[in-house]
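Q: This is query-v4.cif, which holds mmCIF, C-alpha atoms:
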data_my_file
loop_
_atom_site.label_atom_id
_atom_site.label_comp_id
_atom_site.auth_asym_id
_atom_site.auth_seq_id
_atom_site.Cartn_x
_atom_site.Cartn_y
_atom_site.Cartn_z
CA SER A 1 6.23 -0.29 19.53
CA ALA A 2 5.37 -0.90 15.87
CA LYS A 3 7.43 0.78 13.20
CA LEU A 4 6.32 1.53 9.63
CA ASP A 5 8.78 1.64 6.75
CA LEU A 6 7.39 2.04 3.24
CA CYS A 7 9.82 0.75 0.62
CA VAL A 8 9.55 0.69 -3.17
CA SER A 9 12.27 -1.98 -3.44
CA ASP A 10 13.15 -4.89 -1.18
CA PRO A 11 15.72 -3.73 1.42
CA GLY A 12 16.04 -7.30 2.76
CA GLY A 13 14.80 -8.57 6.08
CA ASP A 14 11.29 -9.57 7.00
CA THR A 15 8.32 -7.93 5.29
CA ASP A 16 5.02 -8.06 7.13
CA LEU A 17 2.73 -6.37 4.64
CA TYR A 18 2.83 -6.02 0.86
CA LEU A 19 0.98 -3.34 -1.11
CA ALA A 20 0.65 -3.28 -4.88
CA ALA A 21 -1.01 -0.65 -7.07
CA THR A 22 -0.21 1.73 -9.87
CA LEU A 23 1.42 4.98 -8.80
CA LYS A 24 -1.69 6.81 -9.97
CA ASP A 25 -3.92 4.69 -7.70
CA PHE A 26 -1.56 5.02 -4.71
CA ILE A 27 -1.72 8.80 -5.10
CA ARG A 28 -5.52 8.77 -5.39
CA VAL A 29 -5.83 6.72 -2.20
CA TYR A 30 -3.30 8.83 -0.31
CA ARG A 31 -4.96 12.12 -1.33
CA GLY A 32 -8.36 10.81 -0.30
CA ASP A 33 -9.81 10.78 -3.82
CA VAL A 34 -10.45 7.04 -3.39
CA ARG A 35 -11.16 5.44 -0.02
CA LEU A 36 -8.65 2.80 1.06
CA ALA A 37 -11.37 0.18 1.59
CA SER A 38 -12.82 0.87 -1.87
CA ALA A 39 -9.43 0.55 -3.56
CA ILE A 40 -8.85 -2.80 -1.85
CA GLU A 41 -12.36 -4.02 -2.59
CA ASP A 42 -12.26 -3.20 -6.31
CA GLY A 43 -8.70 -4.46 -6.80
CA ARG A 44 -6.95 -1.14 -7.44
CA LEU A 45 -4.86 -1.81 -4.33
CA THR A 46 -3.72 -5.32 -3.43
CA VAL A 47 -2.75 -5.89 0.19
CA ASP A 48 -1.11 -9.10 1.39
CA GLY A 49 -0.24 -9.77 5.00
CA ALA A 50 -1.65 -10.63 8.38
CA PRO A 51 -5.28 -9.49 8.77
CA LYS A 52 -4.45 -7.53 11.95
CA LEU A 53 -1.86 -5.51 10.00
CA ILE A 54 -4.24 -4.90 7.10
CA ARG A 55 -6.80 -3.51 9.57
CA ARG A 56 -4.15 -1.05 10.86
CA LEU A 57 -3.19 0.18 7.41
CA GLU A 58 -5.54 3.17 7.39
CA ARG A 59 -4.12 4.45 10.72
CA TRP A 60 -0.54 4.16 9.47
CA PHE A 61 -1.23 6.35 6.46
CA ASN A 62 -2.83 9.09 8.59
CA PHE A 63 -5.35 9.94 5.86
CA GLY A 64 -7.22 12.44 8.06
CA VAL A 65 -4.37 14.95 7.89
CA VAL A 66 -4.20 14.78 4.10
CA GLU A 67 -7.98 15.10 3.72
CA ARG A 68 -7.98 18.26 5.87
CA THR A 69 -5.20 19.88 3.82
CA ASP A 70 -6.33 22.32 1.15
CA PRO A 71 -4.85 21.82 -2.35
CA ALA A 72 -2.05 24.17 -3.37
CA GLU A 73 -3.31 27.32 -5.08
CA SER A 74 -1.67 26.27 -8.36
CA ALA A 75 -3.10 22.72 -8.19
CA PRO A 76 -6.37 21.71 -9.82
CA ALA A 77 -9.26 21.52 -7.36
CA ARG A 78 -9.94 18.08 -5.96
CA ARG A 79 -13.34 16.54 -6.30
CA PRO A 80 -15.01 15.91 -2.95
CA VAL A 81 -14.83 12.32 -1.74
CA ALA A 82 -18.24 10.65 -1.59
CA ARG A 83 -18.63 9.16 1.86
CA THR A 84 -21.09 6.52 2.81
CA ALA A 85 -21.77 4.91 6.16
CA GLN A 86 -20.25 1.68 4.81
CA SER A 87 -16.98 3.30 3.63
CA ARG A 88 -16.16 4.97 6.95
#
Could you render the structure as structure tokens?

A:
Amino acid sequence: SAKLDLCVSDPGGDTDLYLAATLKDFIRVYRGDVRLASAIEDGRLTVDGAPKLIRRLERWFNFGVVERTDPAESAPARRPVARTAQSR
């Protein structure tokens, strides 16, 4: 079974997939403000690794749960994410 560990520094050992982005862009992708595919396409998120692992990335982050979670009452309202047939 595959195991996902997300590290901000190199713990040693083999690394199968590298992600690089600003913290601001990582947060935007994780919250669903920016689609993962769009962030990769426009260079806000750089992903390096085997293509089969890159294709699994969206499932590992479990974006659907975050998108269905309402913002905290004290948080500013999120803008709705524009969805197109191509970005799904």

Q: Suppose you want the space between CA of Leu45 in chain A and CA of Cys7 in chain A; what is it in Å?

A: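 Taking CA of Leu45 in chain A as the start and CA of Cys7 in chain A as the end point, the length is 15.7 Å.
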
Q: If we count all atoms listed in the file, what is near Val47 in chain A at a cut-off of 9 Å, once residues fewer than 3 positions away on the same chain are taken out, given as a list in words?

A: Leu17, Tyr18, Leu19, Ala20, Ile40 and Ile54 of chain A

Q: Can you give me, as a VMD selection string, the residues this file yields under the PyMOL selection byres ((chain A and resi 27-31) around 9)?

A: chain A and resid 22 to 26 32 to 36 39 45 61 to 63 66 to 67

Q: Nearest to Ala21 in chain A: which of A:Thr46, A:Ser9, A:Ala37, A:Leu53 is it, counting only C-alpha atoms?

A: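 Once distances to Ala21 in chain A are computed over only C-alpha atoms, the minimum belongs to A:Thr46.
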
Q: Grab the CA of Glu58 in chain A to CA of Asp42 in chain A distance for me, in Å with one decimal place.

A: 16.5 Å

Q: Just how far from CA of Arg56 in chain A is CA of Gly13 in chain A, in Å to one decimal?

A: 20.9 Å

Q: Of the residues A:Arg55, A:Ser38, A:Arg44, A:Gly49, which is the one nearest to Asp14 in chain A, using all atoms listed in the file?

A: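 Under the stated criterion, the closest residue is A:Gly49.
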